[in-house]
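The structure under discussion appears below in the form of structure tokens.
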Amino acid sequence: CHRGFREVDQACQAIAVPRNASLDSYRSGWACVRGYREVGKSCAIVVMPPNSYLDYSGDRWKCDRGFRESNGACLPLQVPLNGYIGDSGDAWECNHGYRRSGDTCVAVVVPRNGFLDSRGSDWNCERGFRKVDNSCRMVEVPGNAHLGYDGNEWSCDSGYKRQRDSCTVNRP
């Protein structure tokens with residue numbers, strides 16, 4: 001059959017294209033134009049709330065950046081002090097040096113001998129120190145031992161084995 005027709009009982013029958021649709025080669029032979037969606041055998045307009053746009057498919061909407069969907073509406077994000085709209089556009093994140101606490105951003109308190117982690121929302125201890133509660137405590141390295149690779153723990157030297165908080169000769 002030619003374009004605009006389909007085979008039905010070994011004959012070519014014209015495809016009934018509803019208003020706000022055009023011919024296509026998929027499904028029923030027609031598709032709704034952008035801004036309309038298929039409802040049964042017709043096309044209904046996509047009703048969009050304020051602060052929204054048609055998504056890539058053209059038959060659904062999404063909220064603009066800085067808004068989030070809630071019960072069919074696009075509500076503005078309430079971004080707290082020291083926060084910003086995240087990459088997704090519909091959620092907020094805290095600035096570097098702050099962490100989320102409920103609906104606010106609070107400063108990350110970095111103890112002595114500590115530093116902000118790479119994300120900026122927590123802290124780590126410098127080499128030779130370990131996290132203990134809200135502080136960095138010096139790692140006490142016993143004799144015949146050395147700081148481990150991560151710098152926050154110790155390991156016994158070659159030929160020695162760990163016995164609680166010390167290193168003893170490893171005898172065969």
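Just so we're on the same page: first chain in the structure tokens is A, next is B, and so on; residues restart at 1 for each chain, and ligands are numbered from 1 in the order they show up.
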
| request: May I have the residues within 8 Å of A:Ala145 as a list in words, using only C-alpha atoms and disregarding those fewer than 5 positions away in the same chain? | output: Trp154, Ser155, Cys156, Asp157 and Cys167 of chain A

Atoms to include: C-alpha atoms. Write the selected residues as a tab-separated table (two decimals), in the first residue's frame.
chain	number	residue	atom	x	y	z
A	154	TRP	CA	49.46	1.77	61.32
A	155	SER	CA	50.92	-1.55	60.16
A	156	CYS	CA	53.73	-3.68	61.50
A	157	ASP	CA	57.05	-3.67	59.67
A	167	CYS	CA	54.27	-5.36	66.96

| task | Tell me, as a VMD selection string, which residues lie within 7 Å of stretch 131-136 of chain A, counting only C-alpha atoms; anything in the same chain fewer than 6 positions away does not count. | result | chain A and resid 111 to 114 125

Output all heavy atoms for every residue in that selection, as a PDB file, in the first residue's frame.
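Output saved as out39.pdb:
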ATOM      1  N   PRO A 111      37.769  20.137  62.374  1.00  0.00           N
ATOM      2  CA  PRO A 111      38.610  20.217  63.573  1.00  0.00           C
ATOM      3  C   PRO A 111      40.077  20.466  63.221  1.00  0.00           C
ATOM      4  O   PRO A 111      40.480  20.370  62.066  1.00  0.00           O
ATOM      5  CB  PRO A 111      38.429  18.836  64.204  1.00  0.00           C
ATOM      6  CG  PRO A 111      38.182  17.934  63.049  1.00  0.00           C
ATOM      7  CD  PRO A 111      37.383  18.759  62.066  1.00  0.00           C
ATOM      8  N   ARG A 112      40.846  20.760  64.251  1.00  0.00           N
ATOM      9  CA  ARG A 112      42.295  20.926  64.081  1.00  0.00           C
ATOM     10  C   ARG A 112      42.858  19.636  63.477  1.00  0.00           C
ATOM     11  O   ARG A 112      42.426  18.543  63.835  1.00  0.00           O
ATOM     12  CB  ARG A 112      42.914  21.205  65.451  1.00  0.00           C
ATOM     13  CG  ARG A 112      44.360  21.493  65.377  1.00  0.00           C
ATOM     14  CD  ARG A 112      44.885  21.893  66.713  1.00  0.00           C
ATOM     15  NE  ARG A 112      46.308  22.086  66.586  1.00  0.00           N
ATOM     16  CZ  ARG A 112      47.090  22.374  67.564  1.00  0.00           C
ATOM     17  NH1 ARG A 112      46.594  22.518  68.770  1.00  0.00           N
ATOM     18  NH2 ARG A 112      48.375  22.531  67.368  1.00  0.00           N
ATOM     19  N   ASN A 113      43.799  19.764  62.565  1.00  0.00           N
ATOM     20  CA  ASN A 113      44.429  18.646  61.849  1.00  0.00           C
ATOM     21  C   ASN A 113      43.448  17.945  60.903  1.00  0.00           C
ATOM     22  O   ASN A 113      43.635  16.787  60.546  1.00  0.00           O
ATOM     23  CB  ASN A 113      45.059  17.630  62.806  1.00  0.00           C
ATOM     24  CG  ASN A 113      46.140  18.261  63.646  1.00  0.00           C
ATOM     25  OD1 ASN A 113      47.042  18.894  63.117  1.00  0.00           O
ATOM     26  ND2 ASN A 113      46.025  18.128  64.962  1.00  0.00           N
ATOM     27  N   GLY A 114      42.406  18.662  60.487  1.00  0.00           N
ATOM     28  CA  GLY A 114      41.446  18.131  59.533  1.00  0.00           C
ATOM     29  C   GLY A 114      41.364  19.015  58.306  1.00  0.00           C
ATOM     30  O   GLY A 114      41.948  20.101  58.264  1.00  0.00           O
ATOM     31  N   CYS A 125      40.741  13.616  58.232  1.00  0.00           N
ATOM     32  CA  CYS A 125      41.921  13.995  59.011  1.00  0.00           C
ATOM     33  C   CYS A 125      43.169  13.945  58.141  1.00  0.00           C
ATOM     34  O   CYS A 125      43.266  13.152  57.206  1.00  0.00           O
ATOM     35  CB  CYS A 125      42.093  13.039  60.194  1.00  0.00           C
ATOM     36  SG  CYS A 125      40.774  13.180  61.412  1.00  0.00           S
TER      37      CYS A 125
END

| message | Could you check the closest approach to A:His96 for each of A:Leu77, A:Leu54, A:Leu116, A:Arg130 and tell me which residue wins, using only C-alpha atoms? | response | A:Leu116

| DSSP strand (DSSP E) residues within stretch 61-139 of chain A, as an NGL selection string | :A and (61-63 or 67-70 or 73-76 or 83-85 or 92-94 or 98-101 or 104-107 or 114-116 or 123-125 or 129-132 or 135-138)

Could you turn the residues from that selection into a file that holds N, CA, C and O atoms, as a short mmCIF file (atom, residue, chain, number, x, y, z; two decimals), in the first residue's frame?
data_model
loop_
_atom_site.label_atom_id
_atom_site.label_comp_id
_atom_site.auth_asym_id
_atom_site.auth_seq_id
_atom_site.Cartn_x
_atom_site.Cartn_y
_atom_site.Cartn_z
N TRP A 61 5.16 17.12 29.84
CA TRP A 61 5.81 18.35 30.27
C TRP A 61 6.72 18.08 31.45
O TRP A 61 6.58 17.10 32.15
N LYS A 62 7.66 18.99 31.64
CA LYS A 62 8.56 18.98 32.79
C LYS A 62 8.62 20.40 33.33
O LYS A 62 8.37 21.36 32.60
N CYS A 63 8.99 20.51 34.59
CA CYS A 63 9.11 21.83 35.21
C CYS A 63 10.39 22.52 34.77
O CYS A 63 11.42 21.86 34.56
N PHE A 67 12.23 24.83 39.56
CA PHE A 67 10.89 24.45 39.99
C PHE A 67 10.84 22.93 40.12
O PHE A 67 11.63 22.23 39.49
N ARG A 68 9.90 22.42 40.91
CA ARG A 68 9.74 20.98 41.04
C ARG A 68 8.26 20.65 40.89
O ARG A 68 7.38 21.44 41.25
N GLU A 69 7.99 19.45 40.37
CA GLU A 69 6.62 19.02 40.14
C GLU A 69 5.98 18.61 41.46
O GLU A 69 6.59 17.93 42.28
N SER A 70 4.74 19.04 41.68
CA SER A 70 3.98 18.64 42.85
C SER A 70 2.51 18.69 42.50
O SER A 70 1.98 19.77 42.22
N ALA A 73 1.53 20.60 39.36
CA ALA A 73 1.95 22.00 39.30
C ALA A 73 3.47 22.07 39.40
O ALA A 73 4.12 21.12 39.84
N CYS A 74 4.03 23.19 38.99
CA CYS A 74 5.47 23.43 39.12
C CYS A 74 5.67 24.48 40.21
O CYS A 74 5.35 25.66 40.02
N LEU A 75 6.16 24.03 41.35
CA LEU A 75 6.37 24.92 42.50
C LEU A 75 7.83 25.37 42.55
O LEU A 75 8.73 24.59 42.28
N PRO A 76 8.07 26.64 42.93
CA PRO A 76 9.46 27.11 43.01
C PRO A 76 10.22 26.41 44.13
O PRO A 76 9.66 26.10 45.17
N GLY A 83 22.99 27.67 49.72
CA GLY A 83 22.60 26.58 48.84
C GLY A 83 22.47 27.08 47.41
O GLY A 83 22.55 28.28 47.15
N TYR A 84 22.31 26.15 46.48
CA TYR A 84 22.15 26.50 45.06
C TYR A 84 21.31 25.42 44.39
O TYR A 84 21.15 24.32 44.92
N ILE A 85 20.77 25.75 43.23
CA ILE A 85 19.99 24.78 42.45
C ILE A 85 20.98 23.79 41.84
O ILE A 85 21.94 24.17 41.17
N TRP A 92 17.90 21.22 45.33
CA TRP A 92 18.99 22.10 45.73
C TRP A 92 20.08 21.32 46.45
O TRP A 92 19.84 20.24 46.97
N GLU A 93 21.27 21.90 46.43
CA GLU A 93 22.43 21.32 47.11
C GLU A 93 23.09 22.44 47.91
O GLU A 93 22.83 23.62 47.67
N CYS A 94 23.95 22.06 48.82
CA CYS A 94 24.65 23.05 49.64
C CYS A 94 25.98 23.43 48.99
O CYS A 94 26.62 22.61 48.33
N TYR A 98 29.55 23.38 53.23
CA TYR A 98 28.28 23.28 53.96
C TYR A 98 27.69 21.90 53.72
O TYR A 98 27.98 21.25 52.72
N ARG A 99 26.85 21.45 54.62
CA ARG A 99 26.15 20.17 54.46
C ARG A 99 24.68 20.39 54.75
O ARG A 99 24.29 21.31 55.46
N ARG A 100 23.87 19.51 54.17
CA ARG A 100 22.42 19.59 54.34
C ARG A 100 22.04 19.15 55.75
O ARG A 100 22.51 18.14 56.25
N SER A 101 21.15 19.90 56.36
CA SER A 101 20.59 19.56 57.65
C SER A 101 19.12 19.96 57.59
O SER A 101 18.79 21.13 57.76
N THR A 104 17.98 23.21 55.58
CA THR A 104 18.99 24.27 55.63
C THR A 104 20.36 23.72 55.26
O THR A 104 20.56 22.51 55.17
N CYS A 105 21.30 24.63 55.08
CA CYS A 105 22.71 24.28 54.86
C CYS A 105 23.49 24.81 56.05
O CYS A 105 23.41 26.01 56.36
N VAL A 106 24.19 23.93 56.74
CA VAL A 106 24.99 24.34 57.90
C VAL A 106 26.47 24.17 57.57
O VAL A 106 26.85 23.28 56.80
N ALA A 107 27.29 25.03 58.15
CA ALA A 107 28.73 25.00 57.90
C ALA A 107 29.32 23.69 58.41
O ALA A 107 28.92 23.19 59.47
N GLY A 114 42.41 18.66 60.49
CA GLY A 114 41.45 18.13 59.53
C GLY A 114 41.36 19.02 58.31
O GLY A 114 41.95 20.10 58.26
N PHE A 115 40.64 18.55 57.27
CA PHE A 115 40.44 19.33 56.05
C PHE A 115 39.12 18.90 55.42
O PHE A 115 38.62 17.81 55.66
N LEU A 116 38.54 19.79 54.61
CA LEU A 116 37.31 19.45 53.90
C LEU A 116 37.58 18.34 52.90
O LEU A 116 38.64 18.33 52.25
N TRP A 123 34.49 16.21 56.31
CA TRP A 123 35.91 16.43 56.54
C TRP A 123 36.63 15.11 56.78
O TRP A 123 36.02 14.11 57.13
N ASN A 124 37.93 15.15 56.57
CA ASN A 124 38.83 14.03 56.84
C ASN A 124 39.99 14.54 57.67
O ASN A 124 40.20 15.75 57.75
N CYS A 125 40.74 13.62 58.23
CA CYS A 125 41.92 13.99 59.01
C CYS A 125 43.17 13.94 58.14
O CYS A 125 43.27 13.15 57.21
N PHE A 129 46.72 11.26 61.47
CA PHE A 129 45.61 11.48 62.40
C PHE A 129 44.42 10.64 61.95
O PHE A 129 44.30 10.30 60.78
N ARG A 130 43.53 10.32 62.89
CA ARG A 130 42.31 9.57 62.56
C ARG A 130 41.10 10.24 63.18
O ARG A 130 41.21 10.92 64.20
N LYS A 131 39.94 10.02 62.53
CA LYS A 131 38.68 10.59 63.02
C LYS A 131 38.26 9.87 64.29
O LYS A 131 38.16 8.65 64.31
N VAL A 132 38.00 10.62 65.32
CA VAL A 132 37.44 10.10 66.56
C VAL A 132 36.39 11.12 66.98
O VAL A 132 36.74 12.25 67.33
N SER A 135 36.75 15.00 66.21
CA SER A 135 38.12 15.51 66.27
C SER A 135 39.05 14.60 65.49
O SER A 135 38.68 13.52 65.05
N CYS A 136 40.27 15.07 65.31
CA CYS A 136 41.33 14.28 64.68
C CYS A 136 42.36 13.97 65.77
O CYS A 136 42.95 14.90 66.34
N ARG A 137 42.55 12.70 66.05
CA ARG A 137 43.52 12.28 67.07
C ARG A 137 44.74 11.69 66.38
O ARG A 137 44.63 10.96 65.39
N MET A 138 45.89 11.99 66.96
CA MET A 138 47.14 11.49 66.39
C MET A 138 47.18 9.97 66.46
O MET A 138 46.78 9.38 67.46
#

| query | Contacts of stretch 2-7 of chain A at 12 Å or less, counting only C-alpha atoms, minus same-chain residues fewer than 3 places along, as a VMD selection string? | reply | chain A and resid 10 to 17 22 to 30

Would you export the selected residues with N, CA, C and O atoms as a JSON list (two decimals), in the first residue's frame, please?
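Written file, out14.json:
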[["chain", "number", "residue", "atom", "x", "y", "z"],
["A", 10, "GLN", "N", -6.30, -7.89, 2.74],
["A", 10, "GLN", "CA", -5.69, -7.93, 1.41],
["A", 10, "GLN", "C", -6.12, -6.78, 0.52],
["A", 10, "GLN", "O", -6.09, -6.89, -0.71],
["A", 11, "ALA", "N", -6.53, -5.67, 1.13],
["A", 11, "ALA", "CA", -6.87, -4.46, 0.39],
["A", 11, "ALA", "C", -6.21, -3.28, 1.07],
["A", 11, "ALA", "O", -5.84, -3.34, 2.23],
["A", 12, "CYS", "N", -6.06, -2.19, 0.35],
["A", 12, "CYS", "CA", -5.46, -0.98, 0.91],
["A", 12, "CYS", "C", -6.58, -0.05, 1.39],
["A", 12, "CYS", "O", -7.47, 0.32, 0.62],
["A", 13, "GLN", "N", -6.52, 0.28, 2.67],
["A", 13, "GLN", "CA", -7.54, 1.12, 3.28],
["A", 13, "GLN", "C", -6.89, 2.41, 3.77],
["A", 13, "GLN", "O", -5.81, 2.38, 4.36],
["A", 14, "ALA", "N", -7.55, 3.55, 3.53],
["A", 14, "ALA", "CA", -7.02, 4.85, 3.95],
["A", 14, "ALA", "C", -6.92, 4.91, 5.47],
["A", 14, "ALA", "O", -7.80, 4.44, 6.18],
["A", 15, "ILE", "N", -5.82, 5.48, 5.95],
["A", 15, "ILE", "CA", -5.63, 5.66, 7.38],
["A", 15, "ILE", "C", -6.37, 6.92, 7.81],
["A", 15, "ILE", "O", -6.17, 7.99, 7.24],
["A", 16, "ALA", "N", -7.23, 6.79, 8.80],
["A", 16, "ALA", "CA", -7.96, 7.95, 9.32],
["A", 16, "ALA", "C", -7.04, 8.69, 10.28],
["A", 16, "ALA", "O", -6.72, 8.19, 11.35],
["A", 17, "VAL", "N", -6.62, 9.87, 9.87],
["A", 17, "VAL", "CA", -5.71, 10.67, 10.68],
["A", 17, "VAL", "C", -6.53, 11.72, 11.44],
["A", 17, "VAL", "O", -7.17, 12.56, 10.83],
["A", 22, "SER", "N", -0.37, 13.60, 12.36],
["A", 22, "SER", "CA", 0.17, 13.46, 11.01],
["A", 22, "SER", "C", 0.51, 11.99, 10.79],
["A", 22, "SER", "O", 0.62, 11.21, 11.74],
["A", 23, "LEU", "N", 0.66, 11.63, 9.52],
["A", 23, "LEU", "CA", 1.01, 10.24, 9.19],
["A", 23, "LEU", "C", 2.39, 9.91, 9.73],
["A", 23, "LEU", "O", 3.29, 10.75, 9.75],
["A", 24, "ASP", "N", 2.55, 8.68, 10.19],
["A", 24, "ASP", "CA", 3.87, 8.15, 10.49],
["A", 24, "ASP", "C", 3.84, 6.67, 10.19],
["A", 24, "ASP", "O", 2.81, 6.12, 9.84],
["A", 25, "SER", "N", 4.98, 6.03, 10.27],
["A", 25, "SER", "CA", 5.06, 4.62, 9.90],
["A", 25, "SER", "C", 5.02, 3.68, 11.10],
["A", 25, "SER", "O", 5.32, 2.51, 10.98],
["A", 26, "TYR", "N", 4.65, 4.20, 12.25],
["A", 26, "TYR", "CA", 4.63, 3.39, 13.46],
["A", 26, "TYR", "C", 3.21, 3.17, 13.94],
["A", 26, "TYR", "O", 2.28, 3.85, 13.55],
["A", 27, "ARG", "N", 3.04, 2.24, 14.85],
["A", 27, "ARG", "CA", 1.79, 1.92, 15.53],
["A", 27, "ARG", "C", 0.59, 1.96, 14.60],
["A", 27, "ARG", "O", 0.45, 1.15, 13.71],
["A", 28, "SER", "N", -0.27, 2.96, 14.79],
["A", 28, "SER", "CA", -1.54, 3.01, 14.06],
["A", 28, "SER", "C", -1.42, 3.72, 12.72],
["A", 28, "SER", "O", -2.42, 3.91, 12.04],
["A", 29, "GLY", "N", -0.24, 4.16, 12.34],
["A", 29, "GLY", "CA", -0.05, 4.85, 11.07],
["A", 29, "GLY", "C", -0.13, 6.36, 11.20],
["A", 29, "GLY", "O", 0.05, 7.07, 10.23],
["A", 30, "TRP", "N", -0.39, 6.86, 12.40],
["A", 30, "TRP", "CA", -0.41, 8.30, 12.64],
["A", 30, "TRP", "C", 0.13, 8.58, 14.03],
["A", 30, "TRP", "O", 0.18, 7.70, 14.88]]

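Using only C-alpha atoms, the shortest contact distance between A:Gly66 and any of A:Asp90, A:Val139, A:Cys43, A:Leu81 is found at A:Asp90.
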
| message | Need the shell around A:Glu140: protein/DNA/RNA residues with any atom at most 10 Å away, counting only C-alpha atoms. Skip same-chain ones fewer than 6 positions apart. Format as a count of residues only? | response | 8

| task | Kindly indicate which residue among A:Val109, A:Glu38, A:Gly120, A:Asp64 lies nearest to A:Ser88, using only C-alpha atoms for the distances. | result | A:Asp64
